[in-house]
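Data file: protein-v1.txt. Format and content: compact mmCIF, C-alpha atoms and all ligand atoms.
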```txt
# COMPACT_ATOMS: atom_id res chain seq x y z
CA MET A 111 88.11 67.36 117.09
CA ALA A 112 86.11 64.42 115.71
CA ALA A 113 87.16 60.92 116.73
CA PRO A 114 89.18 59.11 114.05
CA VAL A 115 87.28 56.81 111.72
CA PRO A 116 87.98 53.19 112.73
CA LEU A 117 89.47 51.37 109.72
CA ALA A 118 89.92 47.62 109.30
CA VAL A 119 92.76 46.46 107.06
CA MET A 120 92.30 43.02 105.49
CA ALA A 121 95.50 41.27 104.41
CA SER A 122 96.55 37.74 103.48
CA GLY A 123 100.29 38.26 103.28
CA GLY A 124 103.22 40.50 104.02
CA GLY A 125 101.38 43.70 104.80
CA THR A 126 103.75 46.44 103.65
CA ASN A 127 100.70 48.52 102.70
CA LEU A 128 99.32 47.86 106.17
CA GLU A 129 102.59 49.16 107.57
CA ALA A 130 102.29 52.32 105.48
CA LEU A 131 98.75 52.84 106.79
CA LEU A 132 99.89 52.29 110.39
CA ASP A 133 102.71 54.80 109.88
CA HIS A 134 100.38 57.35 108.38
CA PHE A 135 97.42 57.02 110.73
CA ASN A 136 98.36 55.31 113.99
CA ARG A 137 101.53 57.18 114.86
CA SER A 138 99.78 60.54 115.17
CA ASP A 139 97.17 61.72 117.65
CA ASP A 140 95.18 63.88 115.28
CA ALA A 141 94.86 61.58 112.24
CA PRO A 142 91.32 61.42 110.82
CA VAL A 143 91.50 57.62 110.54
CA ARG A 144 92.83 54.92 112.84
CA VAL A 145 93.63 51.33 111.93
CA ALA A 146 91.53 49.57 114.56
CA LEU A 147 91.58 45.97 113.32
CA VAL A 148 93.66 43.76 111.04
CA LEU A 149 91.70 40.87 109.61
CA SER A 150 93.31 37.97 107.78
CA ASP A 151 92.22 34.67 106.26
CA ARG A 152 95.59 33.13 107.20
CA PRO A 153 96.70 32.56 110.80
CA GLY A 154 100.36 32.83 109.73
CA ALA A 155 100.02 36.09 107.81
CA VAL A 156 103.00 38.38 108.39
CA ALA A 157 100.52 41.26 108.50
CA LEU A 158 99.14 39.95 111.81
CA GLY A 159 102.61 40.28 113.37
CA ARG A 160 102.79 43.86 112.15
CA ALA A 161 99.41 44.53 113.77
CA GLN A 162 100.55 43.04 117.03
CA ARG A 163 103.72 45.13 117.09
CA ALA A 164 101.65 48.25 116.50
CA GLY A 165 99.23 47.34 119.30
CA VAL A 166 96.34 46.88 116.87
CA PRO A 167 93.95 43.94 117.38
CA GLY A 168 94.25 41.14 114.84
CA ALA A 169 91.66 38.53 113.92
CA VAL A 170 91.60 35.52 111.62
CA VAL A 171 88.52 34.53 109.66
CA GLU A 172 89.35 31.40 107.72
CA THR A 173 87.53 30.88 104.45
CA ASN A 174 88.62 27.46 103.19
CA GLY A 175 85.76 24.99 102.98
CA ARG A 176 83.22 27.43 104.44
CA GLU A 177 80.07 28.86 102.90
CA PRO A 178 80.41 32.55 101.99
CA ALA A 179 77.40 33.42 104.17
CA ASP A 180 79.08 31.77 107.15
CA VAL A 181 82.35 33.60 106.45
CA ALA A 182 80.38 36.85 106.16
CA ASP A 183 78.77 36.32 109.57
CA SER A 184 82.17 35.79 111.19
CA MET A 185 83.64 38.84 109.45
CA LEU A 186 80.72 41.11 110.25
CA SER A 187 80.77 40.18 113.91
CA GLU A 188 84.52 40.96 114.13
CA LEU A 189 84.04 44.22 112.25
CA GLU A 190 81.09 45.27 114.40
CA ARG A 191 82.86 44.30 117.61
CA HIS A 192 85.59 46.81 116.75
CA GLY A 193 83.20 49.52 115.53
CA ILE A 194 84.69 49.46 112.03
CA ARG A 195 83.39 52.15 109.63
CA MET A 196 85.77 51.68 106.70
CA ILE A 197 87.72 48.73 105.26
CA ALA A 198 90.93 48.72 103.24
CA LEU A 199 91.95 45.54 101.44
CA ALA A 200 95.73 45.34 101.29
CA GLY A 201 96.82 42.14 99.64
CA TYR A 202 93.69 40.28 100.70
CA LEU A 203 93.51 37.45 98.18
CA LYS A 204 90.02 36.09 98.74
CA LEU A 205 86.78 37.42 97.33
CA VAL A 206 85.00 39.37 100.06
CA PRO A 207 81.56 37.82 100.72
CA GLU A 208 78.62 39.71 99.25
CA ALA A 209 77.02 40.43 102.61
CA VAL A 210 80.18 42.22 103.76
CA VAL A 211 80.49 44.13 100.47
CA GLY A 212 76.85 45.20 100.82
CA HIS A 213 77.27 46.32 104.41
CA TYR A 214 80.33 48.45 103.64
CA ARG A 215 79.43 49.56 100.11
CA GLY A 216 81.18 52.82 99.30
CA ARG A 217 83.32 52.39 102.42
CA MET A 218 85.53 49.50 101.31
CA VAL A 219 88.56 50.06 99.09
CA ASN A 220 91.21 47.92 97.46
CA ILE A 221 94.64 48.73 96.08
CA HIS A 222 95.85 47.03 92.92
CA PRO A 223 99.34 47.20 91.38
CA SER A 224 98.33 48.09 87.81
CA LEU A 225 96.24 50.63 85.97
CA LEU A 226 92.87 48.90 86.06
CA PRO A 227 90.99 47.67 84.14
CA SER A 228 94.24 46.40 82.60
CA PHE A 229 95.95 43.48 84.34
CA GLY A 230 93.18 42.97 86.88
CA GLY A 231 90.57 40.37 87.74
CA PRO A 232 90.85 36.73 88.82
CA GLY A 233 94.41 35.42 88.68
CA PHE A 234 96.04 38.85 88.54
CA TYR A 235 97.74 39.17 91.90
CA GLY A 236 101.26 39.62 93.20
CA ARG A 237 104.12 38.98 90.79
CA ARG A 238 101.70 37.73 88.13
CA VAL A 239 100.50 41.29 87.52
CA HIS A 240 103.99 42.64 86.92
CA ARG A 241 105.00 39.63 84.82
CA ALA A 242 101.99 40.24 82.58
CA VAL A 243 102.78 43.95 82.31
CA LEU A 244 106.38 43.19 81.29
CA GLY A 245 105.18 40.56 78.82
CA SER A 246 102.77 42.99 77.20
CA GLY A 247 105.40 45.57 76.28
CA CYS A 248 103.53 48.36 78.09
CA THR A 249 105.78 51.28 78.93
CA VAL A 250 103.52 52.56 81.68
CA THR A 251 101.89 50.73 84.56
CA GLY A 252 100.73 52.11 87.88
CA VAL A 253 98.54 51.81 90.93
CA THR A 254 94.76 51.85 91.24
CA VAL A 255 92.64 52.41 94.33
CA HIS A 256 89.04 51.44 93.80
CA LEU A 257 85.85 50.72 95.70
CA VAL A 258 85.18 47.05 96.29
CA ASP A 259 82.17 45.40 94.73
CA GLU A 260 81.18 41.78 94.19
CA GLU A 261 83.92 41.02 91.64
CA TYR A 262 87.69 41.11 91.78
CA ASP A 263 89.23 44.48 90.83
CA ARG A 264 86.10 45.87 89.23
CA GLY A 265 84.59 48.53 91.52
CA ARG A 266 84.57 52.24 90.84
CA ILE A 267 88.05 53.68 90.43
CA LEU A 268 88.88 56.37 92.98
CA ALA A 269 92.48 57.17 92.08
CA GLN A 270 95.22 56.05 89.74
CA TYR A 271 98.88 56.87 89.66
CA PRO A 272 101.16 56.04 86.73
CA VAL A 273 104.56 54.36 87.08
CA PRO A 274 107.02 54.00 84.20
CA VAL A 275 108.14 50.56 83.01
CA ARG A 276 111.85 50.57 82.15
CA ALA A 277 113.41 48.53 79.38
CA ASP A 278 115.66 46.69 81.82
CA ASP A 279 113.00 46.04 84.45
CA SER A 280 112.61 42.62 86.05
CA VAL A 281 109.47 41.61 87.90
CA GLU A 282 111.29 42.53 91.12
CA THR A 283 112.44 46.01 90.10
CA LEU A 284 109.06 46.87 88.65
CA ALA A 285 107.18 45.50 91.68
CA ALA A 286 109.39 47.55 94.01
CA ARG A 287 108.81 50.78 92.04
CA VAL A 288 105.05 50.20 92.00
CA LEU A 289 104.97 49.31 95.70
CA ARG A 290 106.67 52.59 96.65
CA VAL A 291 103.82 54.42 94.97
CA GLU A 292 101.22 52.20 96.65
CA HIS A 293 102.58 53.15 100.06
CA ARG A 294 102.05 56.83 99.32
CA LEU A 295 98.82 56.70 97.39
CA TYR A 296 96.80 54.41 99.66
CA PRO A 297 96.94 56.48 102.86
CA ALA A 298 96.20 59.65 100.89
CA VAL A 299 93.13 58.20 99.20
CA ILE A 300 91.80 56.60 102.38
CA GLU A 301 92.20 59.87 104.24
CA ARG A 302 90.29 61.77 101.54
CA LEU A 303 87.56 59.18 101.39
CA ALA A 304 87.17 59.18 105.19
CA ARG A 305 86.88 62.97 105.27
CA ALA A 306 84.33 62.92 102.45
CA LEU A 307 82.25 60.15 104.01
CA GLU A 308 82.24 61.68 107.46
CA ARG A 309 81.26 65.13 106.21
CA PRO A 310 77.75 65.98 107.48
CA GLY A 311 75.11 65.33 104.83
CA GLN A 312 77.33 63.01 102.81
CA PRO A 313 75.32 59.89 101.91
CA ALA A 314 77.16 56.87 103.24
CA GLU A 315 76.87 55.01 99.95
CA THR A 316 78.51 57.75 97.94
CA GLY A 317 81.80 56.55 96.62
CA ALA A 318 81.83 59.42 94.16
CA ALA A 319 84.27 61.40 96.19
CA PHE A 320 87.30 61.45 93.96
CA GLU A 321 88.52 62.82 90.75
CA LEU A 322 92.08 62.35 89.65
CA VAL A 323 93.58 65.57 88.45
CA ASP A 324 96.76 64.83 86.66
CA SER A 325 99.57 65.99 86.88
CA ALA A 326 102.92 67.68 86.96
CA GLU A 327 106.04 66.84 84.99
CA PRO A 328 107.75 63.54 85.78
CA SER A 329 110.04 64.03 88.76
CA ALA A 330 113.55 62.76 89.33
CA ASP A 331 112.36 59.36 90.53
CA GLY A 332 110.32 58.94 87.37
CA ILE A 333 107.04 59.00 89.25
CA ARG A 334 104.46 61.45 88.01
CA ARG A 335 102.74 63.48 90.66
CA ALA A 336 98.99 63.55 90.68
CA THR A 337 96.44 65.36 92.73
CA ILE A 338 93.25 63.86 94.01
CA ARG A 339 90.44 66.19 94.80
CA THR A 340 87.20 65.60 96.63
CA GLY A 341 84.57 66.59 94.14
CA PRO A 342 84.55 69.06 91.29
CA GLY A 343 85.70 72.56 92.01
CA ASP A 344 86.32 72.39 95.72
CA GLY A 345 89.88 73.52 95.26
CA ALA A 346 91.40 70.81 97.42
CA GLY A 347 94.26 68.83 96.13
C1 LIG A 401 100.13 44.97 96.76
O1 LIG A 401 100.86 45.00 95.57
C2 LIG A 401 98.69 45.34 96.51
O2 LIG A 401 98.54 46.26 95.47
C3 LIG A 401 98.08 44.03 96.12
O3 LIG A 401 98.72 43.09 96.96
C4 LIG A 401 100.00 43.56 97.31
C5 LIG A 401 100.09 43.51 98.80
O4 LIG A 401 101.38 43.82 99.25
N1 LIG A 401 96.64 44.06 96.25
P1 LIG A 401 101.65 44.01 100.79
O5 LIG A 401 101.16 42.74 101.50
O6 LIG A 401 100.90 45.21 101.25
O7 LIG A 401 103.12 44.16 100.92
```
Please lay out the structure from this file as structure tokens.
Ligand code: GRF
Amino acid sequence: MAAPVPLAVMASGGGTNLEALLDHFNRSDDAPVRVALVLSDRPGAVALGRAQRAGVPGAVVETNGREPADVADSMLSELERHGIRMIALAGYLKLVPEAVVGHYRGRMVNIHPSLLPSFGGPGFYGRRVHRAVLGSGCTVTGVTVHLVDEEYDRGRILAQYPVPVRADDSVETLAARVLRVEHRLYPAVIERLARALERPGQPAETGAAFELVDSAEPSADGIRRATIRTGPGDGAG
């Protein structure tokens, strides 16, 4: 069996998505991916405590007042030291330096709590996203997993998953419903991407591994099921 792909998770805050990834990948011996590093820009990030409890190395690369190229050097040396082959941003609030994006192009993903390109980009993070969704009158929001490029929330979309907005939703109830979907979608997409990238002959830069194939009827929890498959016609899903 092939060794698991070492994944770094970058997080600035609470890290519930990190926890979902640890549950999915690090609690089983035959997972195709292993969270091997948690990187934060904030020494006090709750995510670092989660890493420690799971026995995963944590590292802090501060960004305030530093040149992006200097930040990139620090990040790349941490990532290389831990043999990292893929990166998942999970509530990482800073723009990733270009040199790091370039090094991991096609291998770095982000999760965003809306259906991009709506409600994304600079300033759309955390509760602000859900507040804007509620203010817009949209009846559907969702989750997007996308490749990371040089701009916030703009890289190629790998998977999306719709979530209903209810008439009586508050920011909190909507955020909680969306977050439950995030915790299921992110590990699934990362697992598929890792398998696709590690397949012999797969060019490392290819992010074109996903197609969202929607969907069954809404289920009892109001969340539509979707299938992600790795390339046209391969029957997976
Ligand atoms: C999530 O909503 C994610 O989509 C966004 O930041 C939030 C992080 O939450 N990018 P958590 O720290 O994983 O709980």
Distance of atom CA of Leu132 of chain A from atom CA of Ala169 of chain A, expressed in Å to one decimal place: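 Value for the atom CA of Ala169 of chain A-atom CA of Leu132 of chain A distance: 16.4 Å.
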Could the centre and edge lengths of an axis-aligned box, enclosing all atoms of segment 279-284 of chain A in the file with 6 Å extra on each side, be given in Å to one decimal as lines of an AutoDock Vina configuration file?
```
center_x = 111.0
center_y = 44.2
center_z = 87.8
size_x = 15.9
size_y = 17.3
size_z = 18.7
```
For segment 288-299 of chain A: contacts at 9 Å, all atoms listed in the file, fewer than 3 positions along chain excluded, given as a PDB file with C-alpha atoms, in the frame of the given file:
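Done, and the output landed in selection.pdb:
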```pdb
ATOM      1  CA  THR A 126     103.750  46.440 103.650  1.00  0.00           C
ATOM      2  CA  ASN A 127     100.700  48.520 102.700  1.00  0.00           C
ATOM      3  CA  LEU A 128      99.320  47.860 106.170  1.00  0.00           C
ATOM      4  CA  GLU A 129     102.590  49.160 107.570  1.00  0.00           C
ATOM      5  CA  ALA A 130     102.290  52.320 105.480  1.00  0.00           C
ATOM      6  CA  LEU A 131      98.750  52.840 106.790  1.00  0.00           C
ATOM      7  CA  HIS A 134     100.380  57.350 108.380  1.00  0.00           C
ATOM      8  CA  PHE A 135      97.420  57.020 110.730  1.00  0.00           C
ATOM      9  CA  ALA A 198      90.930  48.720 103.240  1.00  0.00           C
ATOM     10  CA  ASN A 220      91.210  47.920  97.460  1.00  0.00           C
ATOM     11  CA  ILE A 221      94.640  48.730  96.080  1.00  0.00           C
ATOM     12  CA  HIS A 222      95.850  47.030  92.920  1.00  0.00           C
ATOM     13  CA  PRO A 223      99.340  47.200  91.380  1.00  0.00           C
ATOM     14  CA  SER A 224      98.330  48.090  87.810  1.00  0.00           C
ATOM     15  CA  THR A 251     101.890  50.730  84.560  1.00  0.00           C
ATOM     16  CA  GLY A 252     100.730  52.110  87.880  1.00  0.00           C
ATOM     17  CA  VAL A 253      98.540  51.810  90.930  1.00  0.00           C
ATOM     18  CA  THR A 254      94.760  51.850  91.240  1.00  0.00           C
ATOM     19  CA  VAL A 255      92.640  52.410  94.330  1.00  0.00           C
ATOM     20  CA  LEU A 268      88.880  56.370  92.980  1.00  0.00           C
ATOM     21  CA  ALA A 269      92.480  57.170  92.080  1.00  0.00           C
ATOM     22  CA  GLN A 270      95.220  56.050  89.740  1.00  0.00           C
ATOM     23  CA  TYR A 271      98.880  56.870  89.660  1.00  0.00           C
ATOM     24  CA  PRO A 272     101.160  56.040  86.730  1.00  0.00           C
ATOM     25  CA  VAL A 273     104.560  54.360  87.080  1.00  0.00           C
ATOM     26  CA  PRO A 274     107.020  54.000  84.200  1.00  0.00           C
ATOM     27  CA  THR A 283     112.440  46.010  90.100  1.00  0.00           C
ATOM     28  CA  LEU A 284     109.060  46.870  88.650  1.00  0.00           C
ATOM     29  CA  ALA A 285     107.180  45.500  91.680  1.00  0.00           C
ATOM     30  CA  ARG A 302      90.290  61.770 101.540  1.00  0.00           C
ATOM     31  CA  LEU A 303      87.560  59.180 101.390  1.00  0.00           C
ATOM     32  CA  ALA A 304      87.170  59.180 105.190  1.00  0.00           C
ATOM     33  CA  PHE A 320      87.300  61.450  93.960  1.00  0.00           C
ATOM     34  CA  ILE A 333     107.040  59.000  89.250  1.00  0.00           C
ATOM     35  CA  ILE A 338      93.250  63.860  94.010  1.00  0.00           C
TER      36      ILE A 338
END
```
Rounded to one decimal place, report the atom CA of Arg241 of chain A-atom CA of Val156 of chain A distance in Å. 23.7 Å
For a quick check of understanding, using all atoms listed in the file, which of A:Pro153, A:Asp279, A:Arg195, A:His240 has the smallest distance to Ala113 of chain A?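 With all atoms listed in the file as the atom set, the closest residue is A:Arg195.
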Nearest to Ala164 of chain A, chosen from A:Leu189, A:Val148, A:Val115, A:Ala200, with all atoms listed in the file counted in the distances: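 Comparing A:Leu189, A:Val148, A:Val115, A:Ala200 against Ala164 of chain A, the winner is A:Val148.
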Pick from A:Arg215, A:Arg309, A:Arg191, A:Arg160, whichever lies nearest to ligand LIG 401 (chain A) using only C-alpha atoms and all ligand atoms: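 Among the listed residues, the smallest separation from ligand LIG 401 (chain A) belongs to A:Arg160.
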What does the distance from atom CA of Thr249 of chain A to atom CA of Gly124 of chain A come to in Å, to one decimal?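 Here the two named atoms are 27.4 Å from each other.
The shortest atom-to-atom distance to ligand LIG 401 (chain A), with all atoms listed in the file taken into account, belongs to A:Ser150 out of A:Asn174, A:Ser246, A:Ser150, A:Gln162.
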Residues near Met218 of chain A, cut-off 7 Å, only C-alpha atoms, skip fewer than 3 positions along chain, as a list of chain:residue names: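 Those residues are A:Met196, A:Ile197, A:Ala198, A:Tyr214, A:Arg215, A:Leu257, A:Val258.
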So, counting all atoms listed in the file, which residue among A:Val206, A:Val243, A:Ala161, A:Ser280 is closest to Asp133 of chain A?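 Looking only at the distances to Asp133 of chain A, the closest residue turns out to be A:Ala161.
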Residue nearest Gly231 of chain A among A:Val171, A:Leu205, A:Ala179, A:Ala157 (counting only C-alpha atoms): A:Leu205
Considering only C-alpha atoms, return as a PyMOL selection string whatever protein or nucleic-acid residues lie within 9 Å of Thr173 of chain A, sequence-local ones (same chain, fewer than 5 positions apart) excluded. chain A and resi 151-152+178+180-181+204
